[in-house]
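Student: Hey, dropping my_file.txt in here, compact mmCIF, C-alpha atoms and all ligand atoms:
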# COMPACT_ATOMS: atom_id res chain seq x y z
CA MET A 1 2.32 -145.09 -89.85
CA VAL A 2 -1.04 -146.56 -88.89
CA VAL A 3 -3.29 -144.05 -87.13
CA LEU A 4 -5.87 -145.78 -84.99
CA SER A 5 -8.84 -143.51 -84.50
CA GLN A 6 -10.68 -143.90 -81.24
CA PRO A 7 -14.41 -144.73 -81.31
CA ALA A 8 -16.50 -141.78 -80.10
CA ALA A 9 -18.08 -143.89 -77.35
CA LEU A 10 -14.65 -144.07 -75.72
CA ASP A 11 -13.83 -140.37 -76.11
CA HIS A 12 -13.86 -139.63 -72.39
CA PHE A 13 -12.17 -142.85 -71.44
CA SER A 14 -8.81 -142.74 -73.19
CA ASP A 15 -7.15 -143.39 -69.77
CA LEU A 16 -8.80 -146.80 -69.79
CA ILE A 17 -7.30 -147.93 -73.07
CA LYS A 18 -4.07 -149.81 -72.55
CA THR A 19 -2.04 -152.29 -74.50
CA CYS A 20 -1.74 -155.33 -72.29
CA LYS A 21 0.34 -158.27 -73.48
CA PRO A 22 -2.09 -160.97 -74.65
CA THR A 23 -2.18 -163.92 -72.28
CA GLY A 24 -3.87 -167.29 -72.66
CA LEU A 25 -6.03 -168.64 -69.87
CA PHE A 26 -3.70 -169.52 -67.00
CA ALA A 27 -4.05 -173.10 -65.81
CA GLY A 28 -1.75 -172.67 -62.83
CA ILE A 29 -4.08 -171.21 -60.19
CA PRO A 30 -4.13 -173.81 -57.41
CA VAL A 31 -7.48 -175.54 -56.98
CA VAL A 32 -8.33 -176.49 -53.42
CA ASP A 33 -11.01 -179.07 -52.74
CA LEU A 34 -12.19 -177.99 -49.30
CA SER A 35 -13.50 -181.46 -48.53
CA ARG A 36 -10.03 -183.03 -48.73
CA PRO A 37 -7.80 -183.49 -45.69
CA ASP A 38 -4.80 -181.88 -47.42
CA ALA A 39 -6.74 -178.66 -48.13
CA LYS A 40 -4.98 -176.64 -45.40
CA HIS A 41 -1.52 -177.38 -46.79
CA ARG A 42 -2.57 -176.62 -50.36
CA ILE A 43 -4.06 -173.31 -49.22
CA VAL A 44 -0.87 -172.25 -47.44
CA ARG A 45 1.28 -173.17 -50.47
CA ALA A 46 -1.07 -171.24 -52.79
CA CYS A 47 -0.99 -168.15 -50.56
CA GLU A 48 2.81 -168.24 -50.57
CA GLU A 49 3.17 -168.80 -54.30
CA TYR A 50 0.28 -166.86 -55.85
CA GLY A 51 -1.64 -164.99 -53.13
CA MET A 52 -4.70 -166.58 -54.70
CA PHE A 53 -6.43 -169.93 -55.00
CA LYS A 54 -9.67 -171.37 -56.26
CA VAL A 55 -11.96 -173.37 -53.98
CA ILE A 56 -14.35 -176.14 -54.96
CA ASN A 57 -16.64 -178.25 -52.79
CA HIS A 58 -17.10 -175.07 -50.80
CA GLY A 59 -20.59 -175.76 -49.48
CA VAL A 60 -22.15 -172.49 -50.70
CA PRO A 61 -25.46 -173.47 -52.33
CA LEU A 62 -25.37 -172.93 -56.10
CA ASP A 63 -28.88 -171.59 -55.85
CA PHE A 64 -27.69 -168.63 -53.69
CA MET A 65 -25.07 -167.85 -56.31
CA THR A 66 -27.40 -167.93 -59.31
CA THR A 67 -30.26 -166.09 -57.57
CA LEU A 68 -28.02 -163.21 -56.57
CA GLU A 69 -26.47 -163.01 -60.01
CA ALA A 70 -29.92 -162.81 -61.61
CA GLN A 71 -31.01 -160.09 -59.18
CA ALA A 72 -27.83 -158.12 -59.76
CA LEU A 73 -28.26 -158.34 -63.55
CA LYS A 74 -31.79 -157.06 -63.13
CA PHE A 75 -30.47 -154.08 -61.17
CA PHE A 76 -27.73 -153.25 -63.68
CA SER A 77 -30.27 -153.49 -66.56
CA LEU A 78 -32.42 -150.69 -65.06
CA PRO A 79 -32.45 -147.27 -66.75
CA GLN A 80 -29.47 -145.14 -65.73
CA SER A 81 -31.74 -142.62 -63.98
CA GLU A 82 -33.07 -145.38 -61.68
CA LYS A 83 -29.64 -146.72 -60.82
CA ASP A 84 -28.36 -143.20 -60.13
CA LYS A 85 -30.89 -142.95 -57.31
CA ALA A 86 -28.71 -145.45 -55.43
CA GLY A 87 -25.55 -143.40 -55.95
CA PRO A 88 -23.07 -141.89 -55.90
CA ALA A 89 -20.82 -144.37 -54.11
CA ASP A 90 -19.37 -142.58 -51.07
CA PRO A 91 -17.79 -145.18 -50.74
CA CYS A 92 -20.94 -147.34 -50.40
CA GLY A 93 -23.79 -147.16 -52.88
CA TYR A 94 -24.05 -147.40 -56.66
CA GLY A 95 -21.13 -146.19 -58.74
CA SER A 96 -20.42 -145.99 -62.43
CA LYS A 97 -16.99 -145.49 -64.04
CA ARG A 98 -15.50 -143.76 -60.96
CA ILE A 99 -13.71 -146.01 -58.47
CA GLY A 100 -12.79 -144.56 -55.08
CA PRO A 101 -12.42 -140.87 -54.21
CA ASN A 102 -9.13 -140.05 -55.97
CA GLY A 103 -9.83 -139.97 -59.69
CA ASP A 104 -9.61 -143.67 -60.62
CA VAL A 105 -11.92 -144.79 -63.40
CA GLY A 106 -12.88 -148.10 -65.00
CA TRP A 107 -15.31 -149.59 -67.50
CA ILE A 108 -17.55 -150.71 -64.67
CA GLU A 109 -20.74 -150.23 -62.73
CA TYR A 110 -20.98 -151.48 -59.17
CA ILE A 111 -22.78 -151.55 -55.87
CA LEU A 112 -20.65 -151.41 -52.72
CA LEU A 113 -22.19 -152.33 -49.35
CA ASN A 114 -21.05 -152.63 -45.74
CA THR A 115 -21.80 -156.14 -44.51
CA ASN A 116 -21.91 -155.47 -40.78
CA PRO A 117 -23.82 -155.74 -38.64
CA LYS A 118 -26.44 -156.73 -41.20
CA ILE A 119 -27.52 -155.61 -44.63
CA THR A 120 -30.93 -154.24 -44.01
CA SER A 121 -32.60 -152.26 -46.76
CA HIS A 122 -29.63 -150.46 -48.23
CA LYS A 123 -30.79 -147.84 -50.72
CA SER A 124 -29.15 -149.59 -53.69
CA LEU A 125 -31.03 -152.78 -52.90
CA SER A 126 -34.39 -151.06 -52.62
CA ILE A 127 -34.25 -149.65 -56.13
CA LEU A 128 -35.66 -152.75 -57.80
CA LYS A 129 -39.29 -151.74 -58.11
CA GLU A 130 -40.98 -155.08 -57.89
CA ASN A 131 -39.85 -157.02 -54.90
CA PRO A 132 -36.78 -155.11 -53.69
CA GLU A 133 -36.80 -157.46 -50.69
CA ILE A 134 -35.94 -160.36 -52.99
CA PHE A 135 -32.66 -158.59 -53.81
CA CYS A 136 -31.98 -157.96 -50.08
CA VAL A 137 -32.70 -161.57 -49.17
CA ALA A 138 -30.52 -162.81 -52.04
CA VAL A 139 -27.63 -160.64 -50.80
CA GLU A 140 -28.14 -161.75 -47.18
CA ASP A 141 -28.31 -165.45 -48.04
CA TYR A 142 -25.29 -165.27 -50.27
CA ILE A 143 -23.15 -163.29 -47.83
CA THR A 144 -24.05 -165.46 -44.86
CA ALA A 145 -23.03 -168.61 -46.74
CA VAL A 146 -19.85 -167.05 -48.17
CA LYS A 147 -18.84 -165.71 -44.75
CA ASN A 148 -19.20 -169.17 -43.17
CA MET A 149 -17.07 -170.69 -45.91
CA THR A 150 -14.48 -167.92 -45.43
CA PHE A 151 -14.31 -168.50 -41.67
CA ALA A 152 -13.63 -172.19 -42.34
CA VAL A 153 -10.94 -171.33 -44.90
CA LEU A 154 -9.23 -168.96 -42.47
CA GLU A 155 -9.22 -171.70 -39.83
CA MET A 156 -7.54 -173.97 -42.36
CA VAL A 157 -4.97 -171.23 -43.03
CA ALA A 158 -4.17 -170.98 -39.30
CA ASP A 159 -4.02 -174.76 -38.99
CA GLY A 160 -1.88 -175.11 -42.10
CA LEU A 161 0.52 -172.53 -40.70
CA GLY A 162 0.83 -174.62 -37.54
CA ILE A 163 -0.89 -172.06 -35.30
CA GLU A 164 -2.55 -173.61 -32.26
CA GLN A 165 -5.30 -171.03 -31.98
CA ARG A 166 -7.29 -172.01 -35.09
CA ASN A 167 -9.56 -168.96 -34.91
CA VAL A 168 -6.76 -166.39 -34.71
CA LEU A 169 -7.68 -165.06 -38.18
CA SER A 170 -11.35 -166.05 -38.49
CA LYS A 171 -12.24 -164.31 -35.22
CA LEU A 172 -11.44 -160.98 -36.85
CA LEU A 173 -14.24 -161.59 -39.35
CA THR A 174 -16.71 -163.29 -36.99
CA ASP A 175 -16.37 -160.28 -34.63
CA GLU A 176 -19.58 -158.27 -34.77
CA LYS A 177 -17.45 -155.17 -35.31
CA SER A 178 -15.65 -156.68 -38.31
CA ASP A 179 -15.35 -154.00 -40.99
CA SER A 180 -16.20 -156.08 -44.04
CA CYS A 181 -17.82 -155.07 -47.29
CA PHE A 182 -19.43 -156.58 -50.34
CA ARG A 183 -19.25 -155.51 -53.94
CA LEU A 184 -21.29 -156.39 -57.02
CA ASN A 185 -19.36 -155.44 -60.16
CA TYR A 186 -20.82 -155.28 -63.65
CA TYR A 187 -18.55 -154.79 -66.66
CA PRO A 188 -20.69 -153.99 -69.71
CA PRO A 189 -19.50 -155.34 -73.04
CA CYS A 190 -17.76 -152.77 -75.20
CA PRO A 191 -18.22 -153.56 -78.93
CA GLU A 192 -16.32 -150.36 -79.86
CA LEU A 193 -13.24 -152.08 -78.49
CA GLN A 194 -13.08 -154.20 -81.63
CA ALA A 195 -11.94 -151.14 -83.57
CA LEU A 196 -8.95 -150.85 -81.25
CA SER A 197 -7.33 -154.10 -82.26
CA GLY A 198 -4.56 -155.10 -79.89
CA ARG A 199 -5.60 -152.66 -77.23
CA ASN A 200 -7.58 -153.34 -74.07
CA LEU A 201 -10.14 -151.55 -72.00
CA ILE A 202 -9.50 -151.49 -68.26
CA GLY A 203 -12.56 -152.55 -66.27
CA PHE A 204 -10.88 -152.34 -62.87
CA GLY A 205 -7.29 -151.13 -62.74
CA GLU A 206 -4.47 -153.02 -61.07
CA HIS A 207 -4.47 -153.06 -57.28
CA THR A 208 -4.23 -155.23 -54.20
CA ASP A 209 -7.16 -155.54 -51.82
CA PRO A 210 -6.46 -153.90 -48.44
CA GLN A 211 -8.40 -156.29 -46.18
CA ILE A 212 -7.51 -159.78 -44.85
CA VAL A 213 -9.07 -161.83 -47.64
CA SER A 214 -11.39 -161.28 -50.60
CA VAL A 215 -13.70 -163.98 -51.87
CA LEU A 216 -14.71 -163.58 -55.49
CA LYS A 217 -17.27 -165.30 -57.66
CA SER A 218 -17.92 -164.33 -61.27
CA ASN A 219 -19.99 -165.44 -64.21
CA ASN A 220 -18.32 -167.33 -67.05
CA THR A 221 -16.78 -164.25 -68.70
CA SER A 222 -13.02 -163.95 -68.34
CA GLY A 223 -11.29 -160.66 -67.64
CA LEU A 224 -9.71 -161.13 -64.22
CA GLN A 225 -5.92 -161.13 -64.41
CA ILE A 226 -3.32 -161.57 -61.71
CA CYS A 227 0.31 -160.59 -61.62
CA LEU A 228 2.68 -163.47 -60.91
CA LYS A 229 5.84 -163.17 -58.80
CA ASP A 230 7.94 -162.67 -61.95
CA GLY A 231 5.81 -159.69 -62.98
CA THR A 232 3.86 -161.37 -65.80
CA TRP A 233 0.13 -160.86 -66.01
CA VAL A 234 -2.01 -163.94 -66.61
CA THR A 235 -5.72 -164.37 -67.22
CA VAL A 236 -7.63 -166.40 -64.66
CA ALA A 237 -9.97 -168.93 -66.32
CA PRO A 238 -13.46 -168.09 -65.07
CA ASP A 239 -15.42 -170.74 -63.17
CA GLN A 240 -18.92 -169.73 -62.21
CA THR A 241 -19.35 -172.50 -59.64
CA ALA A 242 -16.14 -171.84 -57.74
CA PHE A 243 -14.71 -169.04 -55.58
CA PHE A 244 -11.37 -167.32 -55.96
CA ILE A 245 -9.79 -166.29 -52.67
CA ASN A 246 -7.24 -163.47 -52.62
CA VAL A 247 -4.70 -162.65 -49.94
CA GLY A 248 -5.23 -159.03 -48.86
CA ASP A 249 -2.67 -156.55 -47.51
CA CYS A 250 -3.57 -157.24 -43.84
CA LEU A 251 -2.88 -160.95 -44.24
CA GLN A 252 0.45 -160.12 -45.86
CA VAL A 253 1.36 -158.13 -42.74
CA MET A 254 -0.01 -160.74 -40.31
CA THR A 255 2.25 -163.35 -41.92
CA ASN A 256 5.18 -160.87 -41.94
CA GLY A 257 5.38 -161.02 -45.73
CA ARG A 258 5.23 -164.84 -46.00
CA PHE A 259 1.98 -164.44 -47.92
CA LYS A 260 1.83 -161.66 -50.52
CA SER A 261 -1.35 -159.79 -51.36
CA VAL A 262 -2.06 -160.51 -55.02
CA LYS A 263 -1.98 -157.71 -57.58
CA HIS A 264 -4.97 -158.07 -59.91
CA ARG A 265 -7.03 -156.18 -62.47
CA VAL A 266 -10.00 -156.73 -64.80
CA LEU A 267 -10.13 -156.17 -68.56
CA ALA A 268 -13.49 -155.54 -70.24
CA ASP A 269 -14.73 -157.74 -73.09
CA THR A 270 -16.06 -156.75 -76.51
CA VAL A 271 -19.15 -158.97 -76.50
CA SER A 272 -19.78 -160.51 -73.11
CA SER A 273 -20.62 -158.76 -69.88
CA ARG A 274 -18.79 -159.83 -66.76
CA ILE A 275 -20.47 -159.85 -63.40
CA SER A 276 -18.60 -160.49 -60.18
CA MET A 277 -19.45 -160.48 -56.50
CA ILE A 278 -16.79 -160.08 -53.88
CA TYR A 279 -16.84 -160.34 -50.11
CA PHE A 280 -13.95 -158.35 -48.57
CA GLY A 281 -13.26 -159.67 -45.06
CA GLY A 282 -11.83 -156.90 -42.91
CA PRO A 283 -11.04 -156.73 -39.17
CA PRO A 284 -12.67 -154.38 -36.64
CA LEU A 285 -11.53 -150.77 -37.12
CA SER A 286 -9.65 -150.71 -33.80
CA GLU A 287 -7.74 -153.96 -34.50
CA LYS A 288 -3.94 -153.71 -34.44
CA ILE A 289 -2.51 -155.28 -37.58
CA ALA A 290 0.88 -156.90 -36.92
CA PRO A 291 2.63 -160.21 -37.59
CA LEU A 292 1.13 -163.09 -35.59
CA PRO A 293 3.61 -163.77 -32.74
CA SER A 294 3.30 -167.53 -33.23
CA LEU A 295 4.59 -167.19 -36.80
CA MET A 296 7.70 -165.25 -35.89
CA ALA A 297 10.98 -167.12 -35.67
CA GLU A 298 13.25 -166.30 -32.76
CA GLY A 299 14.74 -162.86 -33.26
CA GLU A 300 12.61 -162.17 -36.34
CA GLU A 301 11.45 -158.57 -36.58
CA SER A 302 8.28 -157.21 -38.05
CA LEU A 303 8.77 -155.79 -41.55
CA TYR A 304 6.00 -153.31 -40.81
CA LYS A 305 5.27 -150.48 -38.41
CA GLU A 306 2.31 -151.22 -36.18
CA PHE A 307 -1.01 -149.80 -37.35
CA THR A 308 -4.70 -150.28 -36.80
CA TRP A 309 -7.10 -151.28 -39.57
CA SER A 310 -8.71 -147.87 -39.19
CA GLU A 311 -5.36 -146.16 -39.91
CA TYR A 312 -4.69 -148.42 -42.88
CA LYS A 313 -8.16 -147.97 -44.31
CA LYS A 314 -7.91 -144.17 -44.04
CA SER A 315 -4.57 -144.27 -45.77
CA ALA A 316 -5.98 -146.59 -48.49
CA TYR A 317 -8.79 -144.14 -49.17
CA ARG A 318 -6.22 -141.38 -49.69
CA SER A 319 -4.38 -143.51 -52.26
CA ARG A 320 -4.91 -144.27 -55.93
CA LEU A 321 -5.90 -147.76 -56.97
CA ALA A 322 -2.46 -148.75 -58.32
CA ASP A 323 -0.47 -147.38 -55.37
CA TYR A 324 1.57 -149.77 -53.26
CA ARG A 325 -0.30 -148.91 -50.08
CA LEU A 326 1.79 -151.02 -47.71
CA GLY A 327 4.87 -148.97 -48.64
CA LEU A 328 3.93 -146.29 -46.12
CA PHE A 329 3.88 -148.89 -43.36
CA GLU A 330 7.08 -150.76 -44.18
CA LYS A 331 9.95 -150.20 -41.76
CA SER A 332 12.55 -149.99 -44.51
CA ALA A 333 10.92 -147.93 -47.30
CA PRO A 334 8.72 -145.10 -46.05
CA VAL A 335 7.38 -144.06 -49.45
CA MET A 336 4.27 -144.81 -51.43
CA LEU A 337 5.29 -146.08 -54.83
CA SER A 338 2.85 -147.12 -57.48
CA ASN A 339 2.68 -150.90 -57.76
CA SER A 340 4.43 -150.87 -61.12
CA GLN A 341 7.44 -149.00 -59.63
CA ARG A 342 8.11 -151.75 -57.07
C1 LIG B 1 -9.22 -146.10 -55.37
C2 LIG B 1 -9.74 -146.70 -54.33
C3 LIG B 1 -10.94 -147.59 -54.41
C4 LIG B 1 -10.81 -148.41 -53.15
C5 LIG B 1 -10.37 -147.33 -52.20
C6 LIG B 1 -9.21 -146.71 -52.95
O1 LIG B 1 -8.85 -145.41 -52.51
C7 LIG B 1 -8.00 -147.67 -52.84
C8 LIG B 1 -8.47 -149.12 -52.54
C9 LIG B 1 -9.71 -149.51 -53.35
C10 LIG B 1 -10.34 -150.82 -52.91
C11 LIG B 1 -9.86 -152.05 -53.70
C12 LIG B 1 -10.55 -153.29 -53.13
C13 LIG B 1 -12.06 -153.09 -52.94
O2 LIG B 1 -12.70 -153.11 -54.20
C14 LIG B 1 -12.35 -151.74 -52.23
C15 LIG B 1 -13.83 -151.63 -51.84
C16 LIG B 1 -11.44 -151.57 -51.06
O3 LIG B 1 -11.66 -151.83 -49.90
O4 LIG B 1 -10.25 -151.01 -51.48
C17 LIG B 1 -11.82 -150.63 -53.12
C18 LIG B 1 -12.06 -149.17 -52.67
C19 LIG B 1 -13.39 -148.60 -53.22
O5 LIG B 1 -13.77 -148.90 -54.35
O6 LIG B 1 -13.99 -147.80 -52.49
O1 LIG B 2 -14.56 -157.80 -60.64
C1 LIG B 2 -13.62 -158.54 -60.47
O2 LIG B 2 -13.51 -159.63 -61.00
C2 LIG B 2 -12.50 -158.08 -59.53
C3 LIG B 2 -12.80 -156.73 -58.93
C4 LIG B 2 -11.87 -156.35 -57.85
O3 LIG B 2 -10.73 -156.69 -57.87
C5 LIG B 2 -12.38 -155.55 -56.73
O4 LIG B 2 -13.58 -155.19 -56.74
O5 LIG B 2 -11.59 -155.25 -55.81
FE FE B 3 -9.74 -156.30 -55.99
What is this file in structure tokens?
Tutor:
Amino acid sequence: MVVLSQPAALDHFSDLIKTCKPTGLFAGIPVVDLSRPDAKHRIVRACEEYGMFKVINHGVPLDFMTTLEAQALKFFSLPQSEKDKAGPADPCGYGSKRIGPNGDVGWIEYILLNTNPKITSHKSLSILKENPEIFCVAVEDYITAVKNMTFAVLEMVADGLGIEQRNVLSKLLTDEKSDSCFRLNYYPPCPELQALSGRNLIGFGEHTDPQIVSVLKSNNTSGLQICLKDGTWVTVAPDQTAFFINVGDCLQVMTNGRFKSVKHRVLADTVSSRISMIYFGGPPLSEKIAPLPSLMAEGEESLYKEFTWSEYKKSAYRSRLADYRLGLFEKSAPVMLSNSQR
């Protein structure tokens, strides 16, 4: 019998060490060129098949992307005692290892921010000693551009679904009360992982995002994996100039299950750090989340009980990362299973 001893650095993190089937880089994620006339149809097909797609020709200035990444790296390179001044995440603020309020952990550091009405000087952004305002401006510029791109994508979704009111989805995010947030994730490299050949270190455990859509950009380090319809996990090839757009739980409900929110996770790397920035587009807290009437066939019934975003968000914050949160709101199965039990 081979006994694999665990490196001391990982002593407190044995929950994060998993054996995940090795996967090559997956070439199947649909790529949508937003400047092409068929973009709306490709987006709808991708949301049905994968719950995720990659967008190029998105119009977000590359300069906004690289500036924010550089600022974020500067923040995550600060001494721990400095970064801790911006924490703990409750849920917003700086967090390290702990994700959410219910005991989830990951090989990760992050900053979580509310994006509405405006990111003024959030404490995490004011930590950078020289020129904290540069960090704030970088976040503002980036989010403004990403939001505009997201609004356009959601209009294409509505159009592609044949809905007359093109802003039926985007208006939930353009609303000044939209409950959206923004996350900068940093996954430090973990050289000790090399000693654990064949095993992986979980950076961010498997989950679906609760909102309408999430818009992710990362550096060139891989690690993001998605779960396909047949249950296999595949690694998404990183592309630092593109965005990956995920279907969230609310969009699954609004399409009465036609789109599925994508299950995803992040594995840490032995040598390269991964940095990602994600805009989570959520509706106003009081918004009722239900299938869009124009998408329902005659006699079709909602698969879900009616709920507001506020109710769903509260319920999400009582759940663990891997829980199947929509289970509590399905008409047929009133239980909360973990995603892997589905
Ligand atoms: C464990 C948790 C972290 C999370 C809130 C939750 O209780 C369950 C959902 C998690 C998630 C996943 C997507 C986003 O990263 C996030 C900000 C969100 O809206 O839901 C996180 C939450 C978090 O980290 O606070
Ligand atoms: O960091 C990533 O690439 C994905 C993280 C994620 O899924 C999240 O923050 O919800
Ligand atoms: Fe996520």
Student: Taking all atoms listed in the file into account, name the residue in A:Cys47, A:Ile29, A:Leu267, A:Ala322 that is nearest to Asn200 (chain A).
Tutor: A:Leu267
Student: With only C-alpha atoms and all ligand atoms counted, collect every polymer residue having an atom within 9 Å of ligand FE 3 (chain B); state the result as an NGL selection string.
Tutor: :A and (204-210 or 214 or 216 or 246 or 248 or 262-266 or 278 or 280)
Student: Could you tell me how far atom C12 of ligand LIG 1 (chain B) lies from CA of Tyr279 (chain A), in Å and to one decimal?
Tutor: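 Taking atom C12 of ligand LIG 1 (chain B) as the start and CA of Tyr279 (chain A) as the end point, the length is 9.9 Å.
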Student: How far is it from CA of Glu301 (chain A) to CA of Val253 (chain A), in Å with one decimal?
Tutor: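 A separation of 11.8 Å between them.
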Student: Ranking A:Gln211, A:Asn220, A:Thr67, A:Thr241 by minimum distance to ligand LIG 1 (chain B) and counting all atoms listed in the file, which one comes first?
Tutor: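 Counting all atoms listed in the file, the residue closest to ligand LIG 1 (chain B) is A:Gln211.
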Student: From (-11.5, -178.8, -49.1), in the file's coordinates, out to 9 Å: which residues are reached, counting all atoms listed in the file? Answer as a list in words.
Tutor: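 Counting all atoms listed in the file, I find these residues within 9 Å of (-11.5, -178.8, -49.1): Val32, Asp33, Leu34, Ser35, Arg36, Pro37, Asp38, Ala39, Lys40, Val55, Ile56, Asn57, His58 and Val153 of chain A.
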Student: Since we have the selection now, will you write its residues out, keeping C-alpha atoms, as an mmCIF file, in the coordinates of the input?
Tutor:
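Result saved to again_33.cif:
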data_model
loop_
_atom_site.group_PDB
_atom_site.id
_atom_site.type_symbol
_atom_site.label_atom_id
_atom_site.label_comp_id
_atom_site.auth_asym_id
_atom_site.auth_seq_id
_atom_site.Cartn_x
_atom_site.Cartn_y
_atom_site.Cartn_z
ATOM 1 C CA VAL A 32 -8.330 -176.490 -53.420
ATOM 2 C CA ASP A 33 -11.010 -179.070 -52.740
ATOM 3 C CA LEU A 34 -12.190 -177.990 -49.300
ATOM 4 C CA SER A 35 -13.500 -181.460 -48.530
ATOM 5 C CA ARG A 36 -10.030 -183.030 -48.730
ATOM 6 C CA PRO A 37 -7.800 -183.490 -45.690
ATOM 7 C CA ASP A 38 -4.800 -181.880 -47.420
ATOM 8 C CA ALA A 39 -6.740 -178.660 -48.130
ATOM 9 C CA LYS A 40 -4.980 -176.640 -45.400
ATOM 10 C CA VAL A 55 -11.960 -173.370 -53.980
ATOM 11 C CA ILE A 56 -14.350 -176.140 -54.960
ATOM 12 C CA ASN A 57 -16.640 -178.250 -52.790
ATOM 13 C CA HIS A 58 -17.100 -175.070 -50.800
ATOM 14 C CA VAL A 153 -10.940 -171.330 -44.900
#
